[in-house]
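Visitor: First, the structure itself, so that you have it in front of you.
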Amino acid sequence: MLEIKVTTTDTPKPKPAGPVQGVGQIFTDHMFLMDYTRGTGWHDPRIVPYCNLSLPPSAMVFHYAQEMFEGMKAYKHPNGTAYLFRPEENAKRLNRTAGRLCIPQIPEADYLQAIRTLVTLDADWISCEPNASLYIRPFLIATEPNLSIGVSTSFLFVVILSPSGLFYMDDLTTLDIWVEEKQVRAVCGGVGDTKTGGNYAASLAAQEKAQSKGYAQVLWLDAIEHRYVEEVGSMNIFFKLDGTIITPALTGSILPGITRDSVMTLCRSWGYPVEERLITIDEVLAAQKNGILEEVFGTGTAAVISPVGKLHVQGEDIIVADGNTGPLSKKLFDTLSGIQRGTVEDTFNWRVKL
Ligand SMILES: *Cc1c(COP(=O)(O)O)cnc(C)c1O
């Protein structure tokens, strides 16, 4: 058990009056901090009013990017109780990422205690508006003041909270996707399967290009042959081909999404054949030509399910499901967000009461 020192704010901020759009622009009243020093381990767990961090310019995170993050949400149920969604999976992933990046791991129980304590303190920020939630952003950064390359001897663990609202105003809006054929996001053996900022830095140029051409997000292909589909922005990708659900196998360059895992579990429970395997962009194109490309959708904590209406591949626009949200995408969104929000039965025990 951590002994968390709590200092509450004297000047609470006003909460958003109506529904919030998107996520990450406003933050709650408090944050969680904990320091790591080599030799001592993790120490001084504390909750303080949300404020700026103070770090030396030589802190290693600014130079060599030894940092990582996580993402999950808290939801308020109709009875007013707040719940987390599969937080233990999140804790396990945090420590897998930490292991890869030589960042000290955090015992799962301590991580969950930190999140519970902070979210409970700021629980009034979880709105009851339809589709509202509280986005939880834990992150770890290397703080040793040192320009020599190596593993930092000190770290800071921070958790901040951001009220999150509708990603879609009404129904599920479809996304237009640019399939990137030159640049790559990650390579097997690298860090593509970890949640670290560098993966996103590497993705920005292609994302900017896609947006300038009118596409919302980039679909990445594998780094060696530029043929195998990997994932989209901050989402995993699924295809429904002739009744079968296919998602790229976790080959080491793809982030193992918790939504991805939940979607596979739901689809299997509904009797669909689900395949985790290599899938080339040519197979997707051929399926579309043969009329068996039924649905394409992204999965992630932020938007849960993002149906794809259009794919730009090899100079052509491929229309998926007539550009509409397919029935499976809709059913998955309704079921998964219903489980998260307490309006659908939690058959798989995914919810954890705060
Ligand atoms: C976080 C993330 C995902 C989605 O993971 P979830 O656990 O479902 O939110 C997918 N791809 C990348 C690159 C990510 O960072």
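In the structure tokens, the first chain shown is A, the next is B, and so on; residue numbers restart at 1 for each chain, and ligands run from 1 in the order shown.
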Using backbone DSSP assignments, extract all strand (DSSP E or B) residues from range 250-349 of chain A; output them as a list in words.
Guide: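 Secondary structure check on range 250-349 of chain A, strand (DSSP E or B): Val274, Glu275, Glu276, Arg277, Thr280, Leu293, Glu294, Glu295, Val296, Phe297, Gly298, Thr299, Gly300, Val304, Ile305, Ser306, Pro307, Val308, Gly309, Lys310, Leu311, His312, Val313, Glu316, Asp317, Ile318 and Ile319 of chain A.
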Visitor: Near Ser152 in chain A, within 7 Å and counting only C-alpha atoms, which residues show up once chain neighbours fewer than 5 positions away are dropped, as a JSON list (two decimals) with all heavy atoms, in the first residue's frame?
Guide:
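New file result.json:
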```
[["chain", "number", "residue", "atom", "x", "y", "z"],
["A", 60, "MET", "N", 16.82, 14.19, -18.76],
["A", 60, "MET", "CA", 17.07, 13.29, -19.89],
["A", 60, "MET", "C", 15.86, 13.11, -20.82],
["A", 60, "MET", "O", 16.02, 12.89, -22.01],
["A", 60, "MET", "CB", 17.58, 11.95, -19.38],
["A", 60, "MET", "CG", 19.00, 12.08, -18.83],
["A", 60, "MET", "SD", 19.54, 10.59, -17.99],
["A", 60, "MET", "CE", 20.48, 9.82, -19.29],
["A", 142, "ALA", "N", 12.00, 10.44, -17.63],
["A", 142, "ALA", "CA", 13.36, 10.39, -17.08],
["A", 142, "ALA", "C", 13.77, 11.80, -16.66],
["A", 142, "ALA", "O", 13.71, 12.73, -17.45],
["A", 142, "ALA", "CB", 14.32, 9.87, -18.15],
["A", 143, "THR", "N", 14.16, 11.96, -15.40],
["A", 143, "THR", "CA", 14.40, 13.32, -14.89],
["A", 143, "THR", "C", 15.86, 13.60, -14.53],
["A", 143, "THR", "O", 16.19, 14.70, -14.12],
["A", 143, "THR", "CB", 13.55, 13.56, -13.63],
["A", 143, "THR", "OG1", 13.80, 12.49, -12.71],
["A", 143, "THR", "CG2", 12.07, 13.61, -13.96],
["A", 144, "GLU", "N", 16.75, 12.62, -14.67],
["A", 144, "GLU", "CA", 18.14, 12.88, -14.28],
["A", 144, "GLU", "C", 18.71, 14.02, -15.13],
["A", 144, "GLU", "O", 18.59, 14.01, -16.35],
["A", 144, "GLU", "CB", 18.99, 11.62, -14.49],
["A", 144, "GLU", "CG", 20.43, 11.83, -14.02],
["A", 144, "GLU", "CD", 21.35, 10.65, -14.34],
["A", 144, "GLU", "OE1", 20.85, 9.51, -14.48],
["A", 144, "GLU", "OE2", 22.57, 10.88, -14.47]]
```
Visitor: Do you know which residues are within 9 Å of ligand 1 using only C-alpha atoms and all ligand atoms? Can you write them as number ranges by chain?
Guide: A: 69-72, 89-90, 93, 192-197, 199-200, 231-237, 254-262, 298-304
Visitor: Select from range 142-173 of chain A every residue with an atom at most 12 Å from any atom of range 75-78 of chain A, then for each give the shortest pair of atoms and their distance in Å to one decimal, using only C-alpha atoms, rows by chain and rising number, as a tab-separated table.
Guide:
```
residue	atom	partner	partner_atom	distance
A:Pro163	CA	A:Tyr75	CA	10.3
A:Ser164	CA	A:Tyr75	CA	10.0
A:Gly165	CA	A:Tyr75	CA	11.0
```
Visitor: Would you mind exporting the chosen residues as an mmCIF file, in the first residue's frame, restricted to N, CA and C atoms?
Guide:
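Resulting contents of selection26.cif:
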```
data_model
loop_
_atom_site.group_PDB
_atom_site.id
_atom_site.type_symbol
_atom_site.label_atom_id
_atom_site.label_comp_id
_atom_site.auth_asym_id
_atom_site.auth_seq_id
_atom_site.Cartn_x
_atom_site.Cartn_y
_atom_site.Cartn_z
ATOM 1 N N PRO A 163 -11.495 15.613 -18.558
ATOM 2 C CA PRO A 163 -12.865 15.286 -18.948
ATOM 3 C C PRO A 163 -12.946 15.107 -20.457
ATOM 4 N N SER A 164 -13.631 14.073 -20.887
ATOM 5 C CA SER A 164 -13.678 13.722 -22.298
ATOM 6 C C SER A 164 -15.129 13.606 -22.709
ATOM 7 N N GLY A 165 -15.406 14.043 -23.917
ATOM 8 C CA GLY A 165 -16.805 14.040 -24.333
ATOM 9 C C GLY A 165 -17.031 13.299 -25.619
#
```
Visitor: If you count only C-alpha atoms, which residues fall within 12 Å of Trp270 in chain A, apart from same-chain ones fewer than 2 positions away, as a list in words?
Guide: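 The neighbour list is Gly243, Thr244, Ile245, Val263, Met264, Thr265, Leu266, Cys267, Arg268, Tyr272, Pro273, Val274, Leu328, Lys331, Leu332 and Thr335 of chain A.
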Visitor: Set the distance at 6 Å and use only C-alpha atoms: which residues neighbour Val179 in chain A once local chain neighbours fewer than 4 positions away are removed? I'd like the list as an NGL selection string.
Guide: :A and (218-219 or 312-313)
Visitor: Let me see the file: selected residues, N, CA and C atoms, as a CSV table (one decimal), in the first residue's frame.
Guide:
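New file part.csv:
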```csv
chain,number,residue,atom,x,y,z
A,218,VAL,N,-4.0,8.1,-40.6
A,218,VAL,CA,-3.1,7.3,-41.4
A,218,VAL,C,-3.2,5.8,-41.1
A,219,LEU,N,-3.3,5.0,-42.1
A,219,LEU,CA,-3.2,3.5,-41.8
A,219,LEU,C,-1.8,3.1,-42.2
A,312,HIS,N,-7.7,5.5,-48.8
A,312,HIS,CA,-7.0,5.9,-50.0
A,312,HIS,C,-5.8,5.0,-50.2
A,313,VAL,N,-5.8,4.2,-51.2
A,313,VAL,CA,-4.7,3.2,-51.4
A,313,VAL,C,-4.2,3.3,-52.8
```
Visitor: Distance CA of Leu172 in chain A-CA of Thr325 in chain A, one decimal place?
Guide: 6.5 Å
Visitor: Within 8 Å of range 12-19 of chain A, which residues of range 64-171 of chain A come that close, and what is the closest atom pair and distance in Å for each? Count only C-alpha atoms and give it as a Markdown table.
Guide:
```
| residue | atom | partner | partner_atom | distance |
| --- | --- | --- | --- | --- |
| A:Trp125 | CA | A:Lys15 | CA | 6.7 |
| A:Glu129 | CA | A:Pro19 | CA | 6.4 |
| A:Ala132 | CA | A:Pro19 | CA | 7.3 |
| A:Gly165 | CA | A:Pro19 | CA | 6.2 |
| A:Leu166 | CA | A:Pro19 | CA | 7.5 |
```
Visitor: Near range 38-47 of chain A, counting only C-alpha atoms, which residues have an atom at most 12 Å away, once you skip same-chain residues fewer than 6 positions from it, shown as a ChimeraX atom specification?
Guide: /A:1-9,29-32,103-107,110-111,113-122,140,142-144,151-160
Visitor: Mind pulling up the distance from CA of Met68 in chain A to CA of Lys209 in chain A?
Guide: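 Calculated distance between CA of Lys209 in chain A and CA of Met68 in chain A is 25.6 Å.
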Visitor: So that I can check the secondary structure, give me every residue of range 25-265 of chain A assigned helix (DSSP H, G or I) by backbone DSSP, as a VMD selection string.
Guide: chain A and resid 61 to 64 87 to 100 108 to 121 123 to 125 197 to 212 258 to 265
Visitor: Next, write the just-selected residues to a file, as a compact mmCIF listing (two decimals), in the first residue's frame, keeping C-alpha atoms as the atom set.
Guide:
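Full text of selection_16.txt as output:
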```
# COMPACT_ATOMS: atom_id res chain seq x y z
CA VAL A 61 13.47 13.05 -21.11
CA PHE A 62 13.94 16.24 -23.16
CA HIS A 63 16.93 14.84 -25.04
CA TYR A 64 16.68 11.09 -25.37
CA PRO A 87 -7.59 -1.32 -15.36
CA GLU A 88 -5.42 -4.39 -14.55
CA GLU A 89 -4.76 -4.86 -18.27
CA ASN A 90 -3.66 -1.27 -18.37
CA ALA A 91 -1.31 -1.80 -15.41
CA LYS A 92 0.23 -4.86 -17.09
CA ARG A 93 0.80 -2.95 -20.32
CA LEU A 94 2.39 -0.05 -18.44
CA ASN A 95 4.95 -2.44 -16.98
CA ARG A 96 5.60 -4.19 -20.31
CA THR A 97 6.34 -0.80 -21.87
CA ALA A 98 8.48 0.21 -18.88
CA GLY A 99 10.48 -3.01 -19.19
CA ARG A 100 11.27 -2.35 -22.85
CA GLU A 108 0.32 -3.14 -10.25
CA ALA A 109 -1.40 -2.63 -6.89
CA ASP A 110 0.39 0.70 -6.35
CA TYR A 111 -0.46 1.88 -9.85
CA LEU A 112 -4.14 1.02 -9.37
CA GLN A 113 -4.20 2.60 -5.92
CA ALA A 114 -2.73 5.83 -7.30
CA ILE A 115 -5.36 5.98 -10.04
CA ARG A 116 -8.25 5.08 -7.75
CA THR A 117 -7.27 7.66 -5.15
CA LEU A 118 -6.89 10.45 -7.69
CA VAL A 119 -10.05 9.63 -9.66
CA THR A 120 -12.07 9.32 -6.45
CA LEU A 121 -10.88 12.75 -5.32
CA ALA A 123 -14.89 12.10 -9.31
CA ASP A 124 -17.19 15.14 -9.58
CA TRP A 125 -15.45 15.83 -12.88
CA GLY A 197 5.96 9.35 -27.38
CA GLY A 198 8.62 8.64 -30.01
CA ASN A 199 6.21 6.48 -31.98
CA TYR A 200 3.91 9.46 -32.26
CA ALA A 201 6.71 11.88 -33.16
CA ALA A 202 7.58 9.52 -36.03
CA SER A 203 3.99 9.52 -37.23
CA LEU A 204 3.33 13.26 -37.40
CA ALA A 205 4.67 14.00 -40.90
CA ALA A 206 2.47 11.38 -42.54
CA GLN A 207 -0.48 12.45 -40.40
CA GLU A 208 0.00 16.07 -41.54
CA LYS A 209 0.17 14.96 -45.17
CA ALA A 210 -2.97 12.85 -44.84
CA GLN A 211 -4.87 15.71 -43.21
CA SER A 212 -3.76 18.20 -45.87
CA ILE A 258 -7.20 -3.34 -24.71
CA THR A 259 -10.16 -2.33 -26.89
CA ARG A 260 -8.77 -4.67 -29.60
CA ASP A 261 -8.76 -7.54 -27.14
CA SER A 262 -12.28 -6.70 -25.91
CA VAL A 263 -13.60 -6.51 -29.49
CA MET A 264 -12.14 -9.94 -30.35
CA THR A 265 -13.72 -11.41 -27.21
```
Visitor: What is the CA of Pro49 in chain A-CA of Asp35 in chain A distance in Å, reported with one decimal?
Guide: 16.6 Å
